[in-house]
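**Student:** Before I ask anything, here is the structure I am working with.
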Amino acid sequence: MKTGIFCNYENHHHNSSRTIFEQVALVQQAETLGFESAWVSEHHFNEFNLSSSMLLLMAHLAGLTSTIQLGTAAVLLPFHNPIRTAEDIATLDNLCNGRLLFGVGKGGLFPQHNKHFGTPMAESRAKMLEAIALIQKLLYETDVSFKGQYYQCDCLSIYPQPLQNQIPVYIASGHDQSIEFAAQNSFGLMGGPPFSLERLKTTVAKYRALNASGSEKLVLARFFYLGKTNHEAVSEALPFIRKFSKKMQANSAYIMQNSSNSNQKPFDRTNICFDEDYLIENSIIGDVRTCRDKIKKFQDELNLATLALKPSSFVLQKNLDSLQRYNEEVRNYV
């Protein structure tokens, strides 16, 4: 199992420059410790998460690192022109000397995204799948002609071409249509912190039934804090988790109240859950033994390829120390 770091560029101190500096410091620490990847998320219209220009942030990281792979987690394709995205991804792969990992998603529980980018939620998944199909053709073929429901091009070639022969692709979804698409193309899958183990097991099983050879390509993001005791770890991470929980529960309630889909199901612990007690229990938060046991459980149940740790203290130095402690006392024991 590989270890990665998950990057949300949280603006805890209401200082954009400090937020960017601290996230870079965490990625550089992860690289020094030999972590294999750093994954950057995409968020919009949110004063707490400052990763709206994700690919620019990754270009910045590309110039400040040399060995760690850099992953998008994920490009929200329904909100981007896929031709421009293909150009940006190919350029970024060159900037980071072939270290790019390409995760894509349809967008989450943020109605403002869909409203202001002009994409109804009901169209998001179809647009994502069509966009990645076009991007894959543009990255590796010339004179591409494509006529889809949402996107078209005629005899088009993009430059530069990517440095890698095939940039690894990951889809952040547990929906049957997305799982089938990923399996058919041997793409990897991604799971976020609120995704339940039950949901992830079902997702992996469905993928394996279609493509056993690609079933090991699962990237799992989890909130993380390693303390000297369980009490210390939970106390340090809880304010961070609580802030995330309140925001996501509010978004979920808004969607349920305003959904025109009569089949919209409530979010629950067997699928996706934002309750803070659930998030603490299903994160890698605790003392050394607890964190080892939790990681071992995820490994046994899911055959993880990469565990992406999301440092969950508001204090930079405590996060740096926590990553160091993980490297010394957990990583080689799981």
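Ordered as shown in the structure tokens, chains take letters A, B, and onward, while each chain numbers its residues from 1 and ligands are numbered from 1 in the order shown.
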Taking only range 33-265 of chain A into account, list the residues labelled strand (DSSP E) by DSSP (computed from the backbone), as a VMD selection string.
**Tutor:** chain A and resid 37 to 40 69 to 76 100 to 105 144 to 147 152 to 156 169 to 171 188 to 191 218 to 226
**Student:** Skip Ser173 in chain A itself and residues of its chain fewer than 4 positions away, then list as a PDB file with all heavy atoms, in the first residue's frame all residues within 12 Å of it, counting only C-alpha atoms.
**Tutor:**
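Writing done, so here's out.pdb:
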ATOM      1  N   ALA A  73      -7.815  15.566  -7.265  1.00  0.00           N
ATOM      2  CA  ALA A  73      -8.775  14.775  -6.476  1.00  0.00           C
ATOM      3  C   ALA A  73     -10.007  15.597  -6.101  1.00  0.00           C
ATOM      4  O   ALA A  73     -10.236  15.861  -4.941  1.00  0.00           O
ATOM      5  CB  ALA A  73      -8.094  14.241  -5.213  1.00  0.00           C
ATOM      6  N   ALA A  74     -10.782  15.972  -7.044  1.00  0.00           N
ATOM      7  CA  ALA A  74     -10.666  15.575  -8.432  1.00  0.00           C
ATOM      8  C   ALA A  74     -11.047  16.788  -9.292  1.00  0.00           C
ATOM      9  O   ALA A  74     -11.699  17.706  -8.809  1.00  0.00           O
ATOM     10  CB  ALA A  74     -11.601  14.407  -8.747  1.00  0.00           C
ATOM     11  N   LEU A  76     -13.417  18.569 -11.417  1.00  0.00           N
ATOM     12  CA  LEU A  76     -14.880  18.465 -11.523  1.00  0.00           C
ATOM     13  C   LEU A  76     -15.265  18.759 -12.970  1.00  0.00           C
ATOM     14  O   LEU A  76     -15.580  19.890 -13.347  1.00  0.00           O
ATOM     15  CB  LEU A  76     -15.543  19.432 -10.548  1.00  0.00           C
ATOM     16  CG  LEU A  76     -15.101  19.267  -9.080  1.00  0.00           C
ATOM     17  CD1 LEU A  76     -15.846  20.235  -8.177  1.00  0.00           C
ATOM     18  CD2 LEU A  76     -15.275  17.827  -8.600  1.00  0.00           C
ATOM     19  N   GLY A 103      -7.344  12.443 -11.378  1.00  0.00           N
ATOM     20  CA  GLY A 103      -8.621  12.050 -10.801  1.00  0.00           C
ATOM     21  C   GLY A 103      -9.722  12.992 -11.270  1.00  0.00           C
ATOM     22  O   GLY A 103      -9.508  14.204 -11.388  1.00  0.00           O
ATOM     23  N   VAL A 104     -10.900  12.438 -11.553  1.00  0.00           N
ATOM     24  CA  VAL A 104     -12.019  13.248 -12.047  1.00  0.00           C
ATOM     25  C   VAL A 104     -13.265  12.935 -11.230  1.00  0.00           C
ATOM     26  O   VAL A 104     -13.413  11.858 -10.655  1.00  0.00           O
ATOM     27  CB  VAL A 104     -12.286  12.993 -13.545  1.00  0.00           C
ATOM     28  CG1 VAL A 104     -11.046  13.284 -14.372  1.00  0.00           C
ATOM     29  CG2 VAL A 104     -12.774  11.574 -13.796  1.00  0.00           C
ATOM     30  N   GLY A 105     -14.182  13.903 -11.182  1.00  0.00           N
ATOM     31  CA  GLY A 105     -15.437  13.715 -10.478  1.00  0.00           C
ATOM     32  C   GLY A 105     -16.529  14.561 -11.116  1.00  0.00           C
ATOM     33  O   GLY A 105     -16.265  15.401 -11.986  1.00  0.00           O
ATOM     34  N   LYS A 106     -17.747  14.343 -10.659  1.00  0.00           N
ATOM     35  CA  LYS A 106     -18.879  15.083 -11.210  1.00  0.00           C
ATOM     36  C   LYS A 106     -19.266  16.281 -10.358  1.00  0.00           C
ATOM     37  O   LYS A 106     -20.094  17.110 -10.761  1.00  0.00           O
ATOM     38  CB  LYS A 106     -20.099  14.166 -11.351  1.00  0.00           C
ATOM     39  CG  LYS A 106     -20.744  13.762 -10.026  1.00  0.00           C
ATOM     40  CD  LYS A 106     -22.008  12.966 -10.244  1.00  0.00           C
ATOM     41  CE  LYS A 106     -22.719  12.663  -8.935  1.00  0.00           C
ATOM     42  NZ  LYS A 106     -23.163  13.892  -8.214  1.00  0.00           N
ATOM     43  N   GLY A 107     -18.669  16.419  -9.182  1.00  0.00           N
ATOM     44  CA  GLY A 107     -19.062  17.462  -8.246  1.00  0.00           C
ATOM     45  C   GLY A 107     -19.925  16.876  -7.149  1.00  0.00           C
ATOM     46  O   GLY A 107     -20.681  15.933  -7.366  1.00  0.00           O
ATOM     47  N   GLY A 108     -19.816  17.454  -5.964  1.00  0.00           N
ATOM     48  CA  GLY A 108     -20.506  16.896  -4.803  1.00  0.00           C
ATOM     49  C   GLY A 108     -21.727  17.691  -4.403  1.00  0.00           C
ATOM     50  O   GLY A 108     -22.441  18.245  -5.252  1.00  0.00           O
ATOM     51  N   SER A 124     -24.777  16.105 -14.424  1.00  0.00           N
ATOM     52  CA  SER A 124     -23.359  16.126 -14.047  1.00  0.00           C
ATOM     53  C   SER A 124     -22.628  14.836 -14.397  1.00  0.00           C
ATOM     54  O   SER A 124     -21.519  14.857 -14.944  1.00  0.00           O
ATOM     55  CB  SER A 124     -23.223  16.403 -12.544  1.00  0.00           C
ATOM     56  OG  SER A 124     -23.606  17.717 -12.240  1.00  0.00           O
ATOM     57  N   ARG A 125     -23.226  13.689 -14.063  1.00  0.00           N
ATOM     58  CA  ARG A 125     -22.523  12.428 -14.297  1.00  0.00           C
ATOM     59  C   ARG A 125     -22.329  12.164 -15.787  1.00  0.00           C
ATOM     60  O   ARG A 125     -21.238  11.772 -16.224  1.00  0.00           O
ATOM     61  CB  ARG A 125     -23.273  11.264 -13.641  1.00  0.00           C
ATOM     62  CG  ARG A 125     -22.576   9.916 -13.838  1.00  0.00           C
ATOM     63  CD  ARG A 125     -23.174   8.827 -12.978  1.00  0.00           C
ATOM     64  NE  ARG A 125     -22.865   9.049 -11.570  1.00  0.00           N
ATOM     65  CZ  ARG A 125     -23.711   9.506 -10.672  1.00  0.00           C
ATOM     66  NH1 ARG A 125     -24.943   9.802 -11.022  1.00  0.00           N
ATOM     67  NH2 ARG A 125     -23.345   9.691  -9.418  1.00  0.00           N
ATOM     68  N   MET A 128     -19.578  14.345 -17.054  1.00  0.00           N
ATOM     69  CA  MET A 128     -18.263  13.876 -16.607  1.00  0.00           C
ATOM     70  C   MET A 128     -17.768  12.725 -17.469  1.00  0.00           C
ATOM     71  O   MET A 128     -16.620  12.727 -17.938  1.00  0.00           O
ATOM     72  CB  MET A 128     -18.329  13.423 -15.142  1.00  0.00           C
ATOM     73  CG  MET A 128     -17.036  12.797 -14.633  1.00  0.00           C
ATOM     74  SD  MET A 128     -17.197  11.974 -13.025  1.00  0.00           S
ATOM     75  CE  MET A 128     -18.116  10.489 -13.466  1.00  0.00           C
ATOM     76  N   LEU A 129     -18.616  11.738 -17.690  1.00  0.00           N
ATOM     77  CA  LEU A 129     -18.191  10.557 -18.435  1.00  0.00           C
ATOM     78  C   LEU A 129     -17.904  10.898 -19.896  1.00  0.00           C
ATOM     79  O   LEU A 129     -16.941  10.385 -20.485  1.00  0.00           O
ATOM     80  CB  LEU A 129     -19.261   9.469 -18.332  1.00  0.00           C
ATOM     81  CG  LEU A 129     -19.497   8.913 -16.926  1.00  0.00           C
ATOM     82  CD1 LEU A 129     -20.631   7.901 -16.934  1.00  0.00           C
ATOM     83  CD2 LEU A 129     -18.226   8.282 -16.361  1.00  0.00           C
ATOM     84  N   GLN A 177     -22.972   3.367 -12.961  1.00  0.00           N
ATOM     85  CA  GLN A 177     -22.549   3.746 -14.305  1.00  0.00           C
ATOM     86  C   GLN A 177     -21.082   4.161 -14.329  1.00  0.00           C
ATOM     87  O   GLN A 177     -20.334   3.803 -15.248  1.00  0.00           O
ATOM     88  CB  GLN A 177     -23.424   4.896 -14.822  1.00  0.00           C
ATOM     89  CG  GLN A 177     -23.179   5.263 -16.277  1.00  0.00           C
ATOM     90  CD  GLN A 177     -24.083   6.396 -16.748  1.00  0.00           C
ATOM     91  OE1 GLN A 177     -24.846   6.955 -15.969  1.00  0.00           O
ATOM     92  NE2 GLN A 177     -24.001   6.726 -18.022  1.00  0.00           N
ATOM     93  N   SER A 178     -20.655   4.883 -13.300  1.00  0.00           N
ATOM     94  CA  SER A 178     -19.258   5.310 -13.229  1.00  0.00           C
ATOM     95  C   SER A 178     -18.328   4.130 -12.956  1.00  0.00           C
ATOM     96  O   SER A 178     -17.225   4.054 -13.509  1.00  0.00           O
ATOM     97  CB  SER A 178     -19.095   6.364 -12.137  1.00  0.00           C
ATOM     98  OG  SER A 178     -19.883   7.503 -12.412  1.00  0.00           O
ATOM     99  N   ILE A 179     -18.764   3.209 -12.089  1.00  0.00           N
ATOM    100  CA  ILE A 179     -17.965   2.016 -11.809  1.00  0.00           C
ATOM    101  C   ILE A 179     -17.771   1.197 -13.084  1.00  0.00           C
ATOM    102  O   ILE A 179     -16.658   0.738 -13.398  1.00  0.00           O
ATOM    103  CB  ILE A 179     -18.631   1.152 -10.718  1.00  0.00           C
ATOM    104  CG1 ILE A 179     -18.688   1.906  -9.394  1.00  0.00           C
ATOM    105  CG2 ILE A 179     -17.890  -0.174 -10.547  1.00  0.00           C
ATOM    106  CD1 ILE A 179     -19.573   1.237  -8.361  1.00  0.00           C
ATOM    107  N   GLU A 180     -18.843   1.015 -13.829  1.00  0.00           N
ATOM    108  CA  GLU A 180     -18.760   0.253 -15.080  1.00  0.00           C
ATOM    109  C   GLU A 180     -17.811   0.924 -16.062  1.00  0.00           C
ATOM    110  O   GLU A 180     -16.983   0.263 -16.696  1.00  0.00           O
ATOM    111  CB  GLU A 180     -20.146   0.118 -15.699  1.00  0.00           C
ATOM    112  CG  GLU A 180     -20.156  -0.690 -17.001  1.00  0.00           C
ATOM    113  CD  GLU A 180     -21.551  -0.842 -17.578  1.00  0.00           C
ATOM    114  OE1 GLU A 180     -22.522  -0.371 -16.944  1.00  0.00           O
ATOM    115  OE2 GLU A 180     -21.669  -1.415 -18.673  1.00  0.00           O
ATOM    116  N   PHE A 181     -17.907   2.257 -16.177  1.00  0.00           N
ATOM    117  CA  PHE A 181     -17.035   3.001 -17.089  1.00  0.00           C
ATOM    118  C   PHE A 181     -15.578   2.858 -16.662  1.00  0.00           C
ATOM    119  O   PHE A 181     -14.683   2.635 -17.496  1.00  0.00           O
ATOM    120  CB  PHE A 181     -17.449   4.469 -17.106  1.00  0.00           C
ATOM    121  CG  PHE A 181     -16.690   5.319 -18.087  1.00  0.00           C
ATOM    122  CD1 PHE A 181     -17.094   5.396 -19.405  1.00  0.00           C
ATOM    123  CD2 PHE A 181     -15.581   6.044 -17.689  1.00  0.00           C
ATOM    124  CE1 PHE A 181     -16.401   6.187 -20.318  1.00  0.00           C
ATOM    125  CE2 PHE A 181     -14.881   6.828 -18.583  1.00  0.00           C
ATOM    126  CZ  PHE A 181     -15.296   6.906 -19.906  1.00  0.00           C
ATOM    127  N   ALA A 182     -15.319   2.978 -15.353  1.00  0.00           N
ATOM    128  CA  ALA A 182     -13.952   2.832 -14.846  1.00  0.00           C
ATOM    129  C   ALA A 182     -13.411   1.438 -15.113  1.00  0.00           C
ATOM    130  O   ALA A 182     -12.263   1.267 -15.549  1.00  0.00           O
ATOM    131  CB  ALA A 182     -13.912   3.143 -13.351  1.00  0.00           C
ATOM    132  N   PHE A 187      -9.582   2.186 -15.341  1.00  0.00           N
ATOM    133  CA  PHE A 187      -9.286   3.346 -14.518  1.00  0.00           C
ATOM    134  C   PHE A 187      -9.384   2.956 -13.050  1.00  0.00           C
ATOM    135  O   PHE A 187     -10.074   2.001 -12.687  1.00  0.00           O
ATOM    136  CB  PHE A 187     -10.281   4.480 -14.783  1.00  0.00           C
ATOM    137  CG  PHE A 187     -10.234   5.045 -16.176  1.00  0.00           C
ATOM    138  CD1 PHE A 187     -11.333   5.698 -16.705  1.00  0.00           C
ATOM    139  CD2 PHE A 187      -9.093   4.953 -16.953  1.00  0.00           C
ATOM    140  CE1 PHE A 187     -11.298   6.247 -17.983  1.00  0.00           C
ATOM    141  CE2 PHE A 187      -9.042   5.486 -18.243  1.00  0.00           C
ATOM    142  CZ  PHE A 187     -10.161   6.133 -18.756  1.00  0.00           C
ATOM    143  N   GLY A 188      -8.710   3.708 -12.202  1.00  0.00           N
ATOM    144  CA  GLY A 188      -8.832   3.499 -10.775  1.00  0.00           C
ATOM    145  C   GLY A 188     -10.076   4.181 -10.219  1.00  0.00           C
ATOM    146  O   GLY A 188     -10.782   4.910 -10.916  1.00  0.00           O
ATOM    147  N   LEU A 189     -10.344   3.942  -8.935  1.00  0.00           N
ATOM    148  CA  LEU A 189     -11.449   4.572  -8.232  1.00  0.00           C
ATOM    149  C   LEU A 189     -10.917   5.354  -7.038  1.00  0.00           C
ATOM    150  O   LEU A 189      -9.833   5.061  -6.518  1.00  0.00           O
ATOM    151  CB  LEU A 189     -12.448   3.517  -7.744  1.00  0.00           C
ATOM    152  CG  LEU A 189     -13.207   2.732  -8.820  1.00  0.00           C
ATOM    153  CD1 LEU A 189     -13.993   1.605  -8.167  1.00  0.00           C
ATOM    154  CD2 LEU A 189     -14.142   3.649  -9.605  1.00  0.00           C
ATOM    155  N   MET A 190     -11.701   6.346  -6.601  1.00  0.00           N
ATOM    156  CA  MET A 190     -11.343   7.146  -5.443  1.00  0.00           C
ATOM    157  C   MET A 190     -12.508   7.173  -4.473  1.00  0.00           C
ATOM    158  O   MET A 190     -13.670   7.236  -4.891  1.00  0.00           O
ATOM    159  CB  MET A 190     -10.997   8.581  -5.857  1.00  0.00           C
ATOM    160  CG  MET A 190      -9.937   8.685  -6.934  1.00  0.00           C
ATOM    161  SD  MET A 190      -9.559  10.402  -7.361  1.00  0.00           S
ATOM    162  CE  MET A 190      -8.630  10.876  -5.908  1.00  0.00           C
ATOM    163  N   GLY A 191     -12.198   7.129  -3.180  1.00  0.00           N
ATOM    164  CA  GLY A 191     -13.213   7.237  -2.142  1.00  0.00           C
ATOM    165  C   GLY A 191     -12.859   8.333  -1.167  1.00  0.00           C
ATOM    166  O   GLY A 191     -11.707   8.418  -0.718  1.00  0.00           O
ATOM    167  N   GLY A 192     -13.827   9.190  -0.834  1.00  0.00           N
ATOM    168  CA  GLY A 192     -13.585  10.299   0.076  1.00  0.00           C
ATOM    169  C   GLY A 192     -13.820   9.951   1.524  1.00  0.00           C
ATOM    170  O   GLY A 192     -14.365   8.884   1.847  1.00  0.00           O
ATOM    171  N   PHE A 195     -17.240   8.454   2.706  1.00  0.00           N
ATOM    172  CA  PHE A 195     -17.711   7.201   2.114  1.00  0.00           C
ATOM    173  C   PHE A 195     -17.576   6.078   3.139  1.00  0.00           C
ATOM    174  O   PHE A 195     -16.493   5.842   3.673  1.00  0.00           O
ATOM    175  CB  PHE A 195     -16.904   6.841   0.864  1.00  0.00           C
ATOM    176  CG  PHE A 195     -17.202   7.686  -0.347  1.00  0.00           C
ATOM    177  CD1 PHE A 195     -17.813   8.914  -0.235  1.00  0.00           C
ATOM    178  CD2 PHE A 195     -16.847   7.246  -1.604  1.00  0.00           C
ATOM    179  CE1 PHE A 195     -18.079   9.700  -1.343  1.00  0.00           C
ATOM    180  CE2 PHE A 195     -17.106   8.028  -2.730  1.00  0.00           C
ATOM    181  CZ  PHE A 195     -17.725   9.260  -2.604  1.00  0.00           C
ATOM    182  N   ARG A 199     -20.145   0.977   1.674  1.00  0.00           N
ATOM    183  CA  ARG A 199     -20.252   1.482   0.310  1.00  0.00           C
ATOM    184  C   ARG A 199     -18.999   1.161  -0.489  1.00  0.00           C
ATOM    185  O   ARG A 199     -19.083   0.732  -1.641  1.00  0.00           O
ATOM    186  CB  ARG A 199     -20.484   2.995   0.331  1.00  0.00           C
ATOM    187  CG  ARG A 199     -20.404   3.627  -1.053  1.00  0.00           C
ATOM    188  CD  ARG A 199     -20.638   5.116  -1.012  1.00  0.00           C
ATOM    189  NE  ARG A 199     -20.452   5.698  -2.345  1.00  0.00           N
ATOM    190  CZ  ARG A 199     -20.887   6.907  -2.688  1.00  0.00           C
ATOM    191  NH1 ARG A 199     -21.533   7.651  -1.824  1.00  0.00           N
ATOM    192  NH2 ARG A 199     -20.679   7.376  -3.907  1.00  0.00           N
ATOM    193  N   LEU A 200     -17.847   1.363   0.100  1.00  0.00           N
ATOM    194  CA  LEU A 200     -16.588   1.116  -0.605  1.00  0.00           C
ATOM    195  C   LEU A 200     -16.431  -0.357  -0.966  1.00  0.00           C
ATOM    196  O   LEU A 200     -15.977  -0.692  -2.057  1.00  0.00           O
ATOM    197  CB  LEU A 200     -15.418   1.582   0.256  1.00  0.00           C
ATOM    198  CG  LEU A 200     -15.313   3.103   0.446  1.00  0.00           C
ATOM    199  CD1 LEU A 200     -14.371   3.422   1.600  1.00  0.00           C
ATOM    200  CD2 LEU A 200     -14.838   3.782  -0.824  1.00  0.00           C
ATOM    201  N   THR A 202     -18.844  -2.471  -1.516  1.00  0.00           N
ATOM    202  CA  THR A 202     -19.764  -2.733  -2.622  1.00  0.00           C
ATOM    203  C   THR A 202     -19.201  -2.207  -3.936  1.00  0.00           C
ATOM    204  O   THR A 202     -19.267  -2.881  -4.979  1.00  0.00           O
ATOM    205  CB  THR A 202     -21.126  -2.069  -2.342  1.00  0.00           C
ATOM    206  OG1 THR A 202     -21.680  -2.629  -1.146  1.00  0.00           O
ATOM    207  CG2 THR A 202     -22.086  -2.286  -3.493  1.00  0.00           C
ATOM    208  N   THR A 203     -18.622  -1.020  -3.898  1.00  0.00           N
ATOM    209  CA  THR A 203     -18.035  -0.419  -5.098  1.00  0.00           C
ATOM    210  C   THR A 203     -16.914  -1.294  -5.648  1.00  0.00           C
ATOM    211  O   THR A 203     -16.852  -1.583  -6.855  1.00  0.00           O
ATOM    212  CB  THR A 203     -17.499   0.982  -4.773  1.00  0.00           C
ATOM    213  OG1 THR A 203     -18.588   1.829  -4.402  1.00  0.00           O
ATOM    214  CG2 THR A 203     -16.775   1.582  -5.966  1.00  0.00           C
ATOM    215  N   VAL A 204     -16.018  -1.718  -4.772  1.00  0.00           N
ATOM    216  CA  VAL A 204     -14.890  -2.549  -5.202  1.00  0.00           C
ATOM    217  C   VAL A 204     -15.378  -3.887  -5.750  1.00  0.00           C
ATOM    218  O   VAL A 204     -14.867  -4.383  -6.760  1.00  0.00           O
ATOM    219  CB  VAL A 204     -13.897  -2.747  -4.038  1.00  0.00           C
ATOM    220  CG1 VAL A 204     -12.855  -3.788  -4.387  1.00  0.00           C
ATOM    221  CG2 VAL A 204     -13.220  -1.426  -3.685  1.00  0.00           C
ATOM    222  N   TYR A 207     -16.725  -3.424  -9.217  1.00  0.00           N
ATOM    223  CA  TYR A 207     -15.617  -3.215 -10.150  1.00  0.00           C
ATOM    224  C   TYR A 207     -14.930  -4.540 -10.472  1.00  0.00           C
ATOM    225  O   TYR A 207     -14.681  -4.861 -11.642  1.00  0.00           O
ATOM    226  CB  TYR A 207     -14.620  -2.229  -9.535  1.00  0.00           C
ATOM    227  CG  TYR A 207     -13.513  -1.774 -10.474  1.00  0.00           C
ATOM    228  CD1 TYR A 207     -13.493  -0.466 -10.950  1.00  0.00           C
ATOM    229  CD2 TYR A 207     -12.485  -2.622 -10.867  1.00  0.00           C
ATOM    230  CE1 TYR A 207     -12.475  -0.031 -11.791  1.00  0.00           C
ATOM    231  CE2 TYR A 207     -11.483  -2.197 -11.714  1.00  0.00           C
ATOM    232  CZ  TYR A 207     -11.487  -0.899 -12.166  1.00  0.00           C
ATOM    233  OH  TYR A 207     -10.476  -0.474 -13.010  1.00  0.00           O
ATOM    234  N   LEU A 218      -7.440   1.504  -6.037  1.00  0.00           N
ATOM    235  CA  LEU A 218      -8.350   2.287  -5.209  1.00  0.00           C
ATOM    236  C   LEU A 218      -7.550   3.252  -4.345  1.00  0.00           C
ATOM    237  O   LEU A 218      -6.658   2.850  -3.605  1.00  0.00           O
ATOM    238  CB  LEU A 218      -9.192   1.382  -4.319  1.00  0.00           C
ATOM    239  CG  LEU A 218     -10.094   2.099  -3.307  1.00  0.00           C
ATOM    240  CD1 LEU A 218     -11.156   2.926  -4.019  1.00  0.00           C
ATOM    241  CD2 LEU A 218     -10.751   1.105  -2.354  1.00  0.00           C
ATOM    242  N   VAL A 219      -7.896   4.529  -4.449  1.00  0.00           N
ATOM    243  CA  VAL A 219      -7.309   5.563  -3.607  1.00  0.00           C
ATOM    244  C   VAL A 219      -8.356   5.961  -2.568  1.00  0.00           C
ATOM    245  O   VAL A 219      -9.458   6.365  -2.919  1.00  0.00           O
ATOM    246  CB  VAL A 219      -6.895   6.801  -4.423  1.00  0.00           C
ATOM    247  CG1 VAL A 219      -6.347   7.895  -3.506  1.00  0.00           C
ATOM    248  CG2 VAL A 219      -5.859   6.422  -5.477  1.00  0.00           C
ATOM    249  N   LEU A 220      -8.005   5.837  -1.304  1.00  0.00           N
ATOM    250  CA  LEU A 220      -8.933   6.150  -0.223  1.00  0.00           C
ATOM    251  C   LEU A 220      -8.400   7.327   0.576  1.00  0.00           C
ATOM    252  O   LEU A 220      -7.292   7.273   1.119  1.00  0.00           O
ATOM    253  CB  LEU A 220      -9.103   4.943   0.699  1.00  0.00           C
ATOM    254  CG  LEU A 220     -10.003   5.149   1.914  1.00  0.00           C
ATOM    255  CD1 LEU A 220     -11.441   5.436   1.476  1.00  0.00           C
ATOM    256  CD2 LEU A 220      -9.952   3.930   2.839  1.00  0.00           C
ATOM    257  N   ASN A 271     -23.913   4.350   3.481  1.00  0.00           N
ATOM    258  CA  ASN A 271     -23.570   4.897   2.175  1.00  0.00           C
ATOM    259  C   ASN A 271     -22.556   6.038   2.308  1.00  0.00           C
ATOM    260  O   ASN A 271     -21.376   5.883   2.024  1.00  0.00           O
ATOM    261  CB  ASN A 271     -24.844   5.372   1.467  1.00  0.00           C
ATOM    262  CG  ASN A 271     -24.581   5.935   0.094  1.00  0.00           C
ATOM    263  OD1 ASN A 271     -23.721   5.439  -0.614  1.00  0.00           O
ATOM    264  ND2 ASN A 271     -25.293   6.978  -0.272  1.00  0.00           N
ATOM    265  N   ILE A 272     -23.050   7.175   2.763  1.00  0.00           N
ATOM    266  CA  ILE A 272     -22.193   8.345   2.954  1.00  0.00           C
ATOM    267  C   ILE A 272     -22.724   9.102   4.163  1.00  0.00           C
ATOM    268  O   ILE A 272     -23.930   9.308   4.288  1.00  0.00           O
ATOM    269  CB  ILE A 272     -22.168   9.219   1.683  1.00  0.00           C
ATOM    270  CG1 ILE A 272     -21.201  10.388   1.824  1.00  0.00           C
ATOM    271  CG2 ILE A 272     -23.557   9.696   1.296  1.00  0.00           C
ATOM    272  CD1 ILE A 272     -20.953  11.112   0.510  1.00  0.00           C
TER     273      ILE A 272
END
**Student:** Considering only C-alpha atoms, can you say which of A:Gln112, A:Thr290, A:Gln249, A:Ser283 comes closest to Pro311 in chain A?
**Tutor:**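 Comparing A:Gln112, A:Thr290, A:Gln249, A:Ser283 against Pro311 in chain A, the winner is A:Ser283.
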**Student:** Which neighbours of Met1 in chain A fall inside 8 Å, counting only C-alpha atoms, when residues of the same chain fewer than 2 positions from it are skipped, and could you give them as an MDAnalysis selection string?
**Tutor:** chainID A and resid 3 299 304:307
**Student:** Please determine, counting only C-alpha atoms, which residue among A:Ala90, A:Gly34, A:Ile20, A:Val315 has the shortest atom-to-atom distance to Asn332 in chain A.
**Tutor:**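 Counting only C-alpha atoms, the residue closest to Asn332 in chain A is A:Gly34.
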**Student:** Write out as a PyMOL selection string the set of residues from range 79-250 of chain A that DSSP, computed on the backbone, places in alpha helix (DSSP H).
**Tutor:** chain A and resi 82-95+111-116+121-140+176-184+197-210+230-250
**Student:** Pick out the closest residue to His116 in chain A from this set: A:His44, A:Lys2, A:Arg222, A:Lys246. Count only C-alpha atoms.
**Tutor:** A:His44
**Student:** Applying 9 Å and only C-alpha atoms, which residues near Glu130 in chain A remain after dropping the ones on its own chain fewer than 6 positions away? List them as a list of chain:residue names.
**Tutor:** A:Gly148, A:Gln149, A:Tyr150, A:Tyr151
**Student:** Take the residues that were just selected and, keeping N, CA, C and O atoms, output them as a PDB file, in the first residue's frame.
**Tutor:**
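The result, stored in selection04.pdb:
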ATOM      1  N   GLY A 148     -20.454  14.233 -29.277  1.00  0.00           N
ATOM      2  CA  GLY A 148     -21.211  13.727 -28.144  1.00  0.00           C
ATOM      3  C   GLY A 148     -22.456  14.558 -27.904  1.00  0.00           C
ATOM      4  O   GLY A 148     -22.769  15.488 -28.659  1.00  0.00           O
ATOM      5  N   GLN A 149     -23.149  14.225 -26.838  1.00  0.00           N
ATOM      6  CA  GLN A 149     -24.349  14.976 -26.487  1.00  0.00           C
ATOM      7  C   GLN A 149     -24.020  16.393 -26.021  1.00  0.00           C
ATOM      8  O   GLN A 149     -24.765  17.344 -26.279  1.00  0.00           O
ATOM      9  N   TYR A 150     -22.869  16.530 -25.325  1.00  0.00           N
ATOM     10  CA  TYR A 150     -22.492  17.816 -24.743  1.00  0.00           C
ATOM     11  C   TYR A 150     -21.273  18.453 -25.407  1.00  0.00           C
ATOM     12  O   TYR A 150     -21.150  19.680 -25.394  1.00  0.00           O
ATOM     13  N   TYR A 151     -20.364  17.631 -25.950  1.00  0.00           N
ATOM     14  CA  TYR A 151     -19.098  18.152 -26.456  1.00  0.00           C
ATOM     15  C   TYR A 151     -18.825  17.631 -27.858  1.00  0.00           C
ATOM     16  O   TYR A 151     -19.118  16.469 -28.173  1.00  0.00           O
TER      17      TYR A 151
END
**Student:** Can you pull out every residue within 7 Å of Asn8 in chain A, counting only C-alpha atoms, but drop anything in the same chain fewer than 3 positions away, and send it as number ranges by chain?
**Tutor:** A: 40-41, 49, 51
**Student:** Would you mind telling me which residue in A:Phe110, A:Tyr225, A:Phe48, A:Phe79 lies nearest to Asn15 in chain A when using only C-alpha atoms?
**Tutor:**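 Answer, going by the shortest atom-to-atom distance: A:Phe48.
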**Student:** Using only C-alpha atoms for the distances, tell me which of A:Glu232, A:Glu198, A:Asp143, A:Glu301 is nearest to Lys318 in chain A.
**Tutor:**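 For Lys318 in chain A, the nearest of the given residues is A:Glu232.
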**Student:** Between A:Gln23, A:Gln184, A:Thr229, A:Ser196, which is the closest to Arg208 in chain A once you count only C-alpha atoms?
**Tutor:**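 Closest to Arg208 in chain A, using only C-alpha atoms: A:Gln184.
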**Student:** Please provide as a list in words all residues within 12 Å of Glu281 in chain A, with the sequence filter that same-chain residues fewer than 6 positions apart are discarded (counting only C-alpha atoms).
**Tutor:**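 Within the cut-off, the hits are Pro193, Pro194, Ser196, Leu197, Arg222, Phe223, Phe224, Asn230, Ala233, Val234, Ala237, Leu238, Ile241, Arg269, Cys273, Phe274, Asp275, Thr290, Cys291, Asp293 and Lys294 of chain A.
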